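**Q** Once you've had a glance at the structure underneath, I'll fire off some questions.
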Amino acid sequence: GICGEGIVLFEGLSLREFMAVLGGCDVFLGNNSGPLHIAAALGLPTVSISGPTVLSLWRPYGKDHIVLKKEIDCSPCNKGVCEDHRCMESISVEEVIEAVKRQLHSIEKKRLNA
C-alpha cells in the first residue's frame, strides 16, 4: 500500500543532513514550507498542501509538482494566523493519497521508459 514500510520519519537533522535524506526519496509530501522548496530545488516530484497563501507567489518552482488547494470565499487571505483553516481542512486525506499515487505512477512510468 501507499502507507507503511516505505515511510521513514527523521527529526533533528541539520540542513545538509536533511538535503542528503531528500536525495534518497522518490517524492516529497508536505505543506507549503521550506522543506517543500528544498525538495523542489533538488528536483524531487512533490505533493503539497497549500492553505491561505497566494499560490502564484509560493508554489514550488519547476515541474512535477502537485499542489492541493481549495478556493473558498476567504482565500487566499495570505494570513499567517487563521481562525479556522477551512481552506486546508477541506482537503481530504483521500485527495492527498490520490495525488501521491499519481506522482508515484508518473515516476514509475519515467523509469520504465528510461
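A note on labels: chains of the C-alpha cells are A, B, ... as shown, every chain counts residues from 1, and ligands are counted from 1 in their shown order.
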Find the residues near range 18-26 of chain A: any atom within 7 Å, counting only C-alpha atoms, skip ones fewer than 4 places away on the same chain, and give them as a list in words.

**A**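 Listed by chain and then number, they are Leu13, Ser14, Ala39 and Leu44 of chain A.
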
**Q** Tell me, which residues of range 10-55 of chain A carry DSSP helix (DSSP H, G or I), written as a ChimeraX atom specification?

**A** /A:15-23,34-41,55

**Q** Enumerate, in order of chain and increasing residue number, the residues of range 61-82 of chain A with an atom no farther than 8 Å from range 87-90 of chain A, each with its shortest atom pair and distance in Å to one decimal, counting only C-alpha atoms, as a tab-separated table.

**A**
residue	atom	partner	partner_atom	distance
A:Lys69	CA	A:Cys87	CA	7.1
A:Lys70	CA	A:Cys87	CA	5.4
A:Glu71	CA	A:Cys87	CA	6.7
A:Ile72	CA	A:Cys87	CA	6.3
A:Ser75	CA	A:Cys87	CA	7.2

**Q** Grab the residues selected above and save them as a short mmCIF file (atom, residue, chain, number, x, y, z; two decimals), in the first residue's frame with all heavy atoms.

**A**
data_model
loop_
_atom_site.label_atom_id
_atom_site.label_comp_id
_atom_site.auth_asym_id
_atom_site.auth_seq_id
_atom_site.Cartn_x
_atom_site.Cartn_y
_atom_site.Cartn_z
N LYS A 69 -5.08 22.58 -3.17
CA LYS A 69 -5.56 23.84 -2.60
C LYS A 69 -7.05 23.96 -2.87
O LYS A 69 -7.51 23.60 -3.95
CB LYS A 69 -4.83 25.01 -3.24
CG LYS A 69 -5.25 26.36 -2.69
CD LYS A 69 -4.34 27.45 -3.23
CE LYS A 69 -4.73 28.82 -2.72
NZ LYS A 69 -4.60 28.98 -1.28
N LYS A 70 -7.78 24.44 -1.91
CA LYS A 70 -9.22 24.68 -2.06
C LYS A 70 -9.47 26.17 -2.03
O LYS A 70 -9.03 26.87 -1.11
CB LYS A 70 -10.01 24.01 -0.93
CG LYS A 70 -9.87 22.51 -0.88
CD LYS A 70 -10.54 21.85 -2.05
CE LYS A 70 -10.41 20.35 -1.91
NZ LYS A 70 -11.19 19.61 -2.81
N GLU A 71 -10.13 26.63 -3.05
CA GLU A 71 -10.51 28.05 -3.08
C GLU A 71 -11.85 28.19 -2.37
O GLU A 71 -12.83 27.57 -2.77
CB GLU A 71 -10.63 28.54 -4.52
CG GLU A 71 -9.32 28.50 -5.28
CD GLU A 71 -8.26 29.45 -4.74
OE1 GLU A 71 -8.61 30.47 -4.10
OE2 GLU A 71 -7.07 29.15 -4.93
N ILE A 72 -11.86 28.94 -1.31
CA ILE A 72 -13.10 29.22 -0.59
C ILE A 72 -13.29 30.73 -0.53
O ILE A 72 -12.43 31.49 -0.98
CB ILE A 72 -13.09 28.59 0.82
CG1 ILE A 72 -11.92 29.09 1.64
CG2 ILE A 72 -13.02 27.06 0.73
CD1 ILE A 72 -11.96 28.66 3.08
N SER A 75 -10.30 32.89 0.63
CA SER A 75 -8.93 32.61 0.20
C SER A 75 -8.63 33.22 -1.16
O SER A 75 -9.55 33.39 -1.97
CB SER A 75 -8.69 31.10 0.19
OG SER A 75 -9.35 30.49 -0.88
#

**Q** When you look at Gly30 in chain A with a cut-off of 7 Å (counting only C-alpha atoms), what residues show up, excluding the ones that are within fewer than 5 positions of it in the same chain? I need them as a PyMOL selection string.

**A** chain A and resi 36+47-49

**Q** Limited to N, CA and C atoms, could you put the picked residues into a file as a compact mmCIF listing (two decimals), in the first residue's frame?

**A**
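Result went into again-v2.txt, see below:
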# COMPACT_ATOMS: atom_id res chain seq x y z
N LEU A 36 9.56 21.88 1.48
CA LEU A 36 8.95 21.70 0.16
C LEU A 36 9.81 22.34 -0.91
N VAL A 47 4.16 16.68 -3.62
CA VAL A 47 2.74 16.88 -3.37
C VAL A 47 2.69 17.79 -2.16
N SER A 48 2.04 18.93 -2.30
CA SER A 48 1.97 19.85 -1.17
C SER A 48 0.55 20.31 -0.93
N ILE A 49 0.34 20.71 0.30
CA ILE A 49 -0.96 21.20 0.74
C ILE A 49 -0.80 22.69 1.01

**Q** I want to know what sits within 12 Å of Gly62 in chain A, based on only C-alpha atoms, with residues of the same chain fewer than 4 positions away left out; could you give that as a VMD selection string?

**A** chain A and resid 37 to 46 58 66

**Q** Could you dump the residues just selected with N, CA, C and O atoms as a PDB file, in the first residue's frame?

**A**
ATOM      1  N   HIS A  37      10.246  23.549  -0.675  1.00  0.00           N
ATOM      2  CA  HIS A  37      11.005  24.275  -1.680  1.00  0.00           C
ATOM      3  C   HIS A  37      12.420  23.710  -1.835  1.00  0.00           C
ATOM      4  O   HIS A  37      12.978  23.743  -2.934  1.00  0.00           O
ATOM      5  N   ILE A  38      12.965  23.156  -0.774  1.00  0.00           N
ATOM      6  CA  ILE A  38      14.249  22.454  -0.883  1.00  0.00           C
ATOM      7  C   ILE A  38      14.071  21.218  -1.760  1.00  0.00           C
ATOM      8  O   ILE A  38      14.882  20.948  -2.647  1.00  0.00           O
ATOM      9  N   ALA A  39      13.004  20.457  -1.522  1.00  0.00           N
ATOM     10  CA  ALA A  39      12.732  19.271  -2.331  1.00  0.00           C
ATOM     11  C   ALA A  39      12.574  19.647  -3.804  1.00  0.00           C
ATOM     12  O   ALA A  39      13.118  18.985  -4.686  1.00  0.00           O
ATOM     13  N   ALA A  40      11.844  20.713  -4.080  1.00  0.00           N
ATOM     14  CA  ALA A  40      11.659  21.164  -5.462  1.00  0.00           C
ATOM     15  C   ALA A  40      12.993  21.572  -6.073  1.00  0.00           C
ATOM     16  O   ALA A  40      13.276  21.246  -7.235  1.00  0.00           O
ATOM     17  N   ALA A  41      13.833  22.266  -5.310  1.00  0.00           N
ATOM     18  CA  ALA A  41      15.140  22.690  -5.809  1.00  0.00           C
ATOM     19  C   ALA A  41      16.030  21.485  -6.124  1.00  0.00           C
ATOM     20  O   ALA A  41      16.864  21.546  -7.033  1.00  0.00           O
ATOM     21  N   LEU A  42      15.839  20.401  -5.385  1.00  0.00           N
ATOM     22  CA  LEU A  42      16.607  19.186  -5.634  1.00  0.00           C
ATOM     23  C   LEU A  42      16.036  18.360  -6.787  1.00  0.00           C
ATOM     24  O   LEU A  42      16.584  17.323  -7.135  1.00  0.00           O
ATOM     25  N   GLY A  43      14.910  18.807  -7.356  1.00  0.00           N
ATOM     26  CA  GLY A  43      14.314  18.119  -8.494  1.00  0.00           C
ATOM     27  C   GLY A  43      13.378  16.987  -8.133  1.00  0.00           C
ATOM     28  O   GLY A  43      13.011  16.194  -9.004  1.00  0.00           O
ATOM     29  N   LEU A  44      12.972  16.903  -6.869  1.00  0.00           N
ATOM     30  CA  LEU A  44      12.040  15.854  -6.460  1.00  0.00           C
ATOM     31  C   LEU A  44      10.617  16.219  -6.866  1.00  0.00           C
ATOM     32  O   LEU A  44      10.206  17.367  -6.707  1.00  0.00           O
ATOM     33  N   PRO A  45       9.843  15.252  -7.343  1.00  0.00           N
ATOM     34  CA  PRO A  45       8.408  15.491  -7.510  1.00  0.00           C
ATOM     35  C   PRO A  45       7.804  15.731  -6.120  1.00  0.00           C
ATOM     36  O   PRO A  45       8.242  15.113  -5.141  1.00  0.00           O
ATOM     37  N   THR A  46       6.846  16.617  -6.036  1.00  0.00           N
ATOM     38  CA  THR A  46       6.252  16.926  -4.736  1.00  0.00           C
ATOM     39  C   THR A  46       4.737  16.878  -4.785  1.00  0.00           C
ATOM     40  O   THR A  46       4.121  17.052  -5.840  1.00  0.00           O
ATOM     41  N   TRP A  58       3.894  31.447  -4.068  1.00  0.00           N
ATOM     42  CA  TRP A  58       4.529  30.491  -3.168  1.00  0.00           C
ATOM     43  C   TRP A  58       4.510  29.043  -3.631  1.00  0.00           C
ATOM     44  O   TRP A  58       4.949  28.168  -2.913  1.00  0.00           O
ATOM     45  N   ILE A  66       2.465  18.692  -7.579  1.00  0.00           N
ATOM     46  CA  ILE A  66       1.014  18.737  -7.402  1.00  0.00           C
ATOM     47  C   ILE A  66       0.752  19.552  -6.146  1.00  0.00           C
ATOM     48  O   ILE A  66       1.268  19.235  -5.074  1.00  0.00           O
TER      49      ILE A  66
END

**Q** Go through A:Ala114, A:Val67, A:Val81, A:Cys74 and flag the residue nearest Val96 in chain A, using only C-alpha atoms for the distances.

**A**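 Closest candidate: A:Val67.
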
**Q** Could you work out how far CA of Ile107 in chain A lies from CA of Leu29 in chain A, giving the answer in Å with one decimal?

**A**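 We find that CA of Leu29 in chain A and CA of Ile107 in chain A lie 14.4 Å from each other.
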
**Q** Just the residues within 12 Å of Ser106 in chain A, please, counting only C-alpha atoms, with nothing from its chain fewer than 4 positions along; format it as JSON, numbers by chain.

**A** {"A": [26, 27, 45, 46, 64, 65, 66, 99, 100, 101, 102, 110, 111, 112, 113]}

**Q** Write the selection just made, keeping N, CA and C atoms, as a PDB file, in the first residue's frame?

**A**
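Result file result-v7.pdb:
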ATOM      1  N   ASP A  26      11.821   9.378  -3.354  1.00  0.00           N
ATOM      2  CA  ASP A  26      11.157   9.392  -4.660  1.00  0.00           C
ATOM      3  C   ASP A  26      10.216  10.578  -4.804  1.00  0.00           C
ATOM      4  N   VAL A  27       9.558  10.944  -3.712  1.00  0.00           N
ATOM      5  CA  VAL A  27       8.575  12.027  -3.754  1.00  0.00           C
ATOM      6  C   VAL A  27       8.538  12.686  -2.377  1.00  0.00           C
ATOM      7  N   PRO A  45       9.843  15.252  -7.343  1.00  0.00           N
ATOM      8  CA  PRO A  45       8.408  15.491  -7.510  1.00  0.00           C
ATOM      9  C   PRO A  45       7.804  15.731  -6.120  1.00  0.00           C
ATOM     10  N   THR A  46       6.846  16.617  -6.036  1.00  0.00           N
ATOM     11  CA  THR A  46       6.252  16.926  -4.736  1.00  0.00           C
ATOM     12  C   THR A  46       4.737  16.878  -4.785  1.00  0.00           C
ATOM     13  N   ASP A  64       6.595  18.875 -12.240  1.00  0.00           N
ATOM     14  CA  ASP A  64       6.392  17.660 -11.442  1.00  0.00           C
ATOM     15  C   ASP A  64       5.937  17.943 -10.009  1.00  0.00           C
ATOM     16  N   HIS A  65       5.109  18.966  -9.863  1.00  0.00           N
ATOM     17  CA  HIS A  65       4.589  19.300  -8.533  1.00  0.00           C
ATOM     18  C   HIS A  65       3.064  19.316  -8.566  1.00  0.00           C
ATOM     19  N   ILE A  66       2.465  18.692  -7.579  1.00  0.00           N
ATOM     20  CA  ILE A  66       1.014  18.737  -7.402  1.00  0.00           C
ATOM     21  C   ILE A  66       0.752  19.552  -6.146  1.00  0.00           C
ATOM     22  N   ALA A  99      -3.100  12.005  -4.920  1.00  0.00           N
ATOM     23  CA  ALA A  99      -2.047  12.820  -5.523  1.00  0.00           C
ATOM     24  C   ALA A  99      -0.684  12.135  -5.396  1.00  0.00           C
ATOM     25  N   VAL A 100      -0.408  11.530  -4.250  1.00  0.00           N
ATOM     26  CA  VAL A 100       0.849  10.804  -4.065  1.00  0.00           C
ATOM     27  C   VAL A 100       0.898   9.603  -5.011  1.00  0.00           C
ATOM     28  N   LYS A 101      -0.208   8.909  -5.135  1.00  0.00           N
ATOM     29  CA  LYS A 101      -0.261   7.775  -6.068  1.00  0.00           C
ATOM     30  C   LYS A 101       0.017   8.233  -7.497  1.00  0.00           C
ATOM     31  N   ARG A 102      -0.533   9.382  -7.891  1.00  0.00           N
ATOM     32  CA  ARG A 102      -0.287   9.907  -9.241  1.00  0.00           C
ATOM     33  C   ARG A 102       1.197  10.204  -9.445  1.00  0.00           C
ATOM     34  N   LYS A 110       8.252   6.944 -15.894  1.00  0.00           N
ATOM     35  CA  LYS A 110       9.510   7.515 -16.382  1.00  0.00           C
ATOM     36  C   LYS A 110      10.650   6.496 -16.268  1.00  0.00           C
ATOM     37  N   ARG A 111      10.666   5.726 -15.190  1.00  0.00           N
ATOM     38  CA  ARG A 111      11.711   4.713 -15.006  1.00  0.00           C
ATOM     39  C   ARG A 111      11.606   3.613 -16.059  1.00  0.00           C
ATOM     40  N   LEU A 112      10.379   3.217 -16.388  1.00  0.00           N
ATOM     41  CA  LEU A 112      10.183   2.168 -17.385  1.00  0.00           C
ATOM     42  C   LEU A 112      10.566   2.645 -18.785  1.00  0.00           C
ATOM     43  N   ASN A 113      10.379   3.923 -19.057  1.00  0.00           N
ATOM     44  CA  ASN A 113      10.693   4.487 -20.374  1.00  0.00           C
ATOM     45  C   ASN A 113      12.160   4.911 -20.501  1.00  0.00           C
TER      46      ASN A 113
END

**Q** I need the strand (DSSP E or B) residues of chain A per DSSP on the backbone, written as a list in words.

**A** Phe28, Leu29, Gly30, Asn31, Thr46, Val47, Ser48, Ile49, His65, Ile66, Val67 and Leu68 of chain A

**Q** Emit the selected residues as an mmCIF file, in the first residue's frame, including C-alpha atoms.

**A**
data_model
loop_
_atom_site.group_PDB
_atom_site.id
_atom_site.type_symbol
_atom_site.label_atom_id
_atom_site.label_comp_id
_atom_site.auth_asym_id
_atom_site.auth_seq_id
_atom_site.Cartn_x
_atom_site.Cartn_y
_atom_site.Cartn_z
ATOM 1 C CA PHE A 28 8.112 14.726 -1.105
ATOM 2 C CA LEU A 29 4.789 15.228 0.699
ATOM 3 C CA GLY A 30 4.351 18.246 2.934
ATOM 4 C CA ASN A 31 2.850 21.636 3.490
ATOM 5 C CA THR A 46 6.252 16.926 -4.736
ATOM 6 C CA VAL A 47 2.741 16.878 -3.370
ATOM 7 C CA SER A 48 1.975 19.851 -1.173
ATOM 8 C CA ILE A 49 -0.959 21.205 0.737
ATOM 9 C CA HIS A 65 4.589 19.300 -8.533
ATOM 10 C CA ILE A 66 1.014 18.737 -7.402
ATOM 11 C CA VAL A 67 -0.391 21.460 -5.163
ATOM 12 C CA LEU A 68 -3.635 20.672 -3.349
#
